[in-house]
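The structure appears below as structure tokens.
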Protein chains: 2
Amino acid sequence: MSQSTTQHHHDPITDQNREKILQAAASEIHRCGFQAASIANILADTGLTKGALYHHFPSKQQLGLAVVDEVIHASLEQRMFAPLRTADNPVDTLLDYMQFRGEAMTDEAIKLGCPLNNLTQEMSPLDDDFKGHLNQILQMWQSVIEQALIKGQAQGQIRPDVDCSAAALFIVSAWEGCWGMAKNRQSVEVFQLCLSQLRNYVLNLGPGHA
Amino acid sequence: MSQSTTQHHHDPITDQNREKILQAAASEIHRCGFQAASIANILADTGLTKGALYHHFPSKQQLGLAVVDEVIHASLEQRMFAPLRTADNPVDTLLDYMQFRGEAMTDEAIKLGCPLNNLTQEMSPLDDDFKGHLNQILQMWQSVIEQALIKGQAQGQIRPDVDCSAAALFIVSAWEGCWGMAKNRQSVEVFQLCLSQLRNYVLNLGPGHA
DNA sequence: CAACATCCATACCGGTCGGTATCTTTAGAA
DNA sequence: TTCTAAAGATACCGACCGGTATGGATGTTG
């Protein structure tokens with residue numbers, strides 16, 4: 001695979017058109033959802049045609065799954081999971097990240113909603129492949145937060161009696177719920193207000209809040 | 001309008017076919033979402049044809065809005081809003097209702113998700129009419145819970161420093177979030193576990209948890 | 001050069017969609 | 001009975017969908 005840069009087969013590094021299609025698909029899916037996402041619109045954004053798309057992806061479903069893995073999962077991994085894993089003080093890192101996400105949120109992003117949650121709500125009941133790939137991301141997210149809370153317990157920031165697994169499950173759930181509520185209201189203030197309540201929940205996991 | 005039972009025009013009481021279409025549409029939308037809901041499938045369920053549907057509803061959008069108002073809103077009003085409004089002890093009523101919903105939840109309902117949340121996530125960015133009608137339900141829900149918390153403050157069950165509006169916003173958000181998470185996992189146990197964490201949040205609004 | 005695989009553009013297909021025009025049937029009112 | 005309008009059935013339309021078959025570039029290998 002990495003024997004030579006002039007290899008005969010599929011070289012993912014220089015595959016620019018595939019990446020263009022992937023990004024356009026991610027944008028279209030984010031706007032319209034997967035089922036309503038139009039192949040024609042995606043191609044219009046890229047300037048390419050169906051020949052290019054169906055050369056790189058065997059079907060619309062596989063394109064969607066590639067968006068899930070290579071765009072959504074990759075973005076969360078880089079922006080959230082990795083920092084939480086390597087943080088010395090993961091609980092503060094989590095709280096800071098929630099604060100940051102609230103402040104950096106834009107009207108457009110609120111209007112369209114969380115890409116992960118959108119696809120989860122739409123596709124989980126319809127397609128087991130989507131459900132599996134999305135589930136993997138959500139499980140990873142929950143796991144990262146659970147480990148952060150466990151590390152917080154070792155550091156005395158989280159009470160020892162807290163069920164870190166259940167708390168992590170709830171944090172992820174409520175986080176997506178905040179996105180969803182703000183999406184309907186189309187208000188970043190609602191998102192910030194809602195997320196600050198979630199911050200309160202996390203703070204209440206600390207000592208002195210028995 | 002109510003002058004006579006033998007009136008010449010549209011009598012909503014004896015309009016059975018309209019109700020059949022409405023229920024079939026609610027079911028189809030619940031399964032597939034609004035955009036993917038097929039008029040043909042709805043009519044196949046009822047045994048009627050397009051002539052009947054487009055006699056009672058001017059468009060698919062208006063049919064969808066009727067489902068929102070006359071099925072989803074009406075159901076929540078009857079099963080949740082009204083009991084909370086008239087309860088002597090609305091905080092306990094809320095906690096009991098959360099418990100009840102968790103225990104009475106079925107695999108099928110978890111798989112399909114919350115009808116209100118499904119439509120909210122799908123349609124809010126796409127259609128202002130849907131957004132408005134759904135927003136009205138969510139605002140009502142939040143308001144009912146906020147009033148319950150305020151009444152709880154008067155009864156000493158909720159700390160006086162609690163921001164009941166923000167807390168109600170978060171409760172509704174997290175509630176839908178729990179449903180969404182369980183929808184991906186397709187597990188009633190996840191729903192119950194998640195909702196029990198939300199119960200903990202509400203309990204932490206009480207005295208002795210400063 | 002010739003052979004070949006990659007990459008992508010074009011034209012086209014069957015199927016489904018929401019919606020409409022037209023007609024028949026039904027039923028209440030005079 | 002006769003008139004009238006609601007109620008609903010049928011056939012049909014244009015638009016869009018995802019997918020495919022084909023052929024033409026392009027560039028690498030023998």
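Residue numbers start at 1 in each chain; chains themselves are named A, B, ... in the order of the structure tokens; ligands are numbered from 1 in the order shown.
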Output as a list in words the set of chain C residues within 9 Å of chain B, with distances taken over only C-alpha atoms (C1' of nucleotides). DC17, DG18, DG19, DG28 and DA29 of chain C
Near-D:DG27 list (12 Å; only C-alpha atoms (C1' of nucleotides); drop same-chain fewer than 2 positions) as a PDB file with C-alpha atoms (C1' of nucleotides), in the first residue's frame:
ATOM      1  CA  HIS A   8      -0.779   1.543 -10.003  1.00  0.00           C
TER       2      HIS A   8
ATOM      3  C1'  DC C   4      -4.612  -1.394 -20.938  1.00  0.00           C
ATOM      4  C1'  DA C   5      -6.673   0.437 -16.829  1.00  0.00           C
ATOM      5  C1'  DT C   6      -8.200   4.701 -14.647  1.00  0.00           C
ATOM      6  C1'  DC C   7     -11.094   8.490 -14.696  1.00  0.00           C
TER       7       DC C   7
ATOM      8  C1'  DA D  25      -9.973  11.153 -22.824  1.00  0.00           C
ATOM      9  C1'  DT D  29       3.149  -0.128 -18.575  1.00  0.00           C
TER      10       DT D  29
END
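Restricting the calculation to only C-alpha atoms (C1' of nucleotides), the smallest distance between chain D and any of B:Thr49, B:Gln23, B:Asn117, B:Thr93 is found for B:Thr49.
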Using only C-alpha atoms (C1' of nucleotides), which residues of chain D come within 9 Å of chain A, and what is the closest atom pair for each, with the distance in Å to one decimal? Give it as a tab-separated table, sorted by chain and residue number.
residue	atom	partner	partner_atom	distance
D:DC17	C1'	A:Ser38	CA	8.0
D:DG18	C1'	A:Lys60	CA	7.7
D:DG19	C1'	A:Ser59	CA	8.2
D:DT28	C1'	A:His8	CA	8.0
Near chain A, which residues of chain B fall within 6 Å when you count only C-alpha atoms, and what do they look like as a PyMOL selection string? chain B and resi 111+124-125+170+173-174+176-178+181+184+194+209
**Message:** Need the shell around stretch 144-161 of chain A: protein/DNA/RNA residues with any atom at most 6 Å away, counting only C-alpha atoms (C1' of nucleotides). Skip same-chain ones fewer than 2 positions apart. Format as a ChimeraX atom specification?
**Reply:** /A:90-91,141-142,164-165,168,205-207
Keeping only N, CA and C atoms, write those residues as a compact mmCIF listing (two decimals), in the first residue's frame.
# COMPACT_ATOMS: atom_id res chain seq x y z
N PRO A 90 -9.49 16.34 32.04
CA PRO A 90 -10.54 16.17 31.02
C PRO A 90 -11.88 16.77 31.40
N VAL A 91 -12.19 16.84 32.70
CA VAL A 91 -13.49 17.40 33.09
C VAL A 91 -13.54 18.89 32.75
N TRP A 141 -18.15 8.60 21.40
CA TRP A 141 -18.39 9.86 22.11
C TRP A 141 -18.69 9.59 23.59
N GLN A 142 -19.64 8.68 23.80
CA GLN A 142 -20.00 8.34 25.18
C GLN A 142 -18.80 7.79 25.94
N CYS A 164 -20.57 6.78 36.00
CA CYS A 164 -19.98 7.55 34.89
C CYS A 164 -20.53 7.11 33.54
N SER A 165 -20.84 5.86 33.39
CA SER A 165 -21.40 5.39 32.12
C SER A 165 -22.77 6.01 31.87
N ALA A 168 -22.41 9.74 31.24
CA ALA A 168 -21.91 10.03 29.89
C ALA A 168 -23.01 9.84 28.86
N LEU A 205 -22.20 16.95 39.37
CA LEU A 205 -21.58 15.64 39.61
C LEU A 205 -20.38 15.77 40.55
N GLY A 206 -19.97 17.00 40.81
CA GLY A 206 -18.80 17.23 41.66
C GLY A 206 -19.14 17.13 43.13
N PRO A 207 -18.11 17.14 43.97
CA PRO A 207 -18.33 17.04 45.41
C PRO A 207 -19.04 18.29 45.94
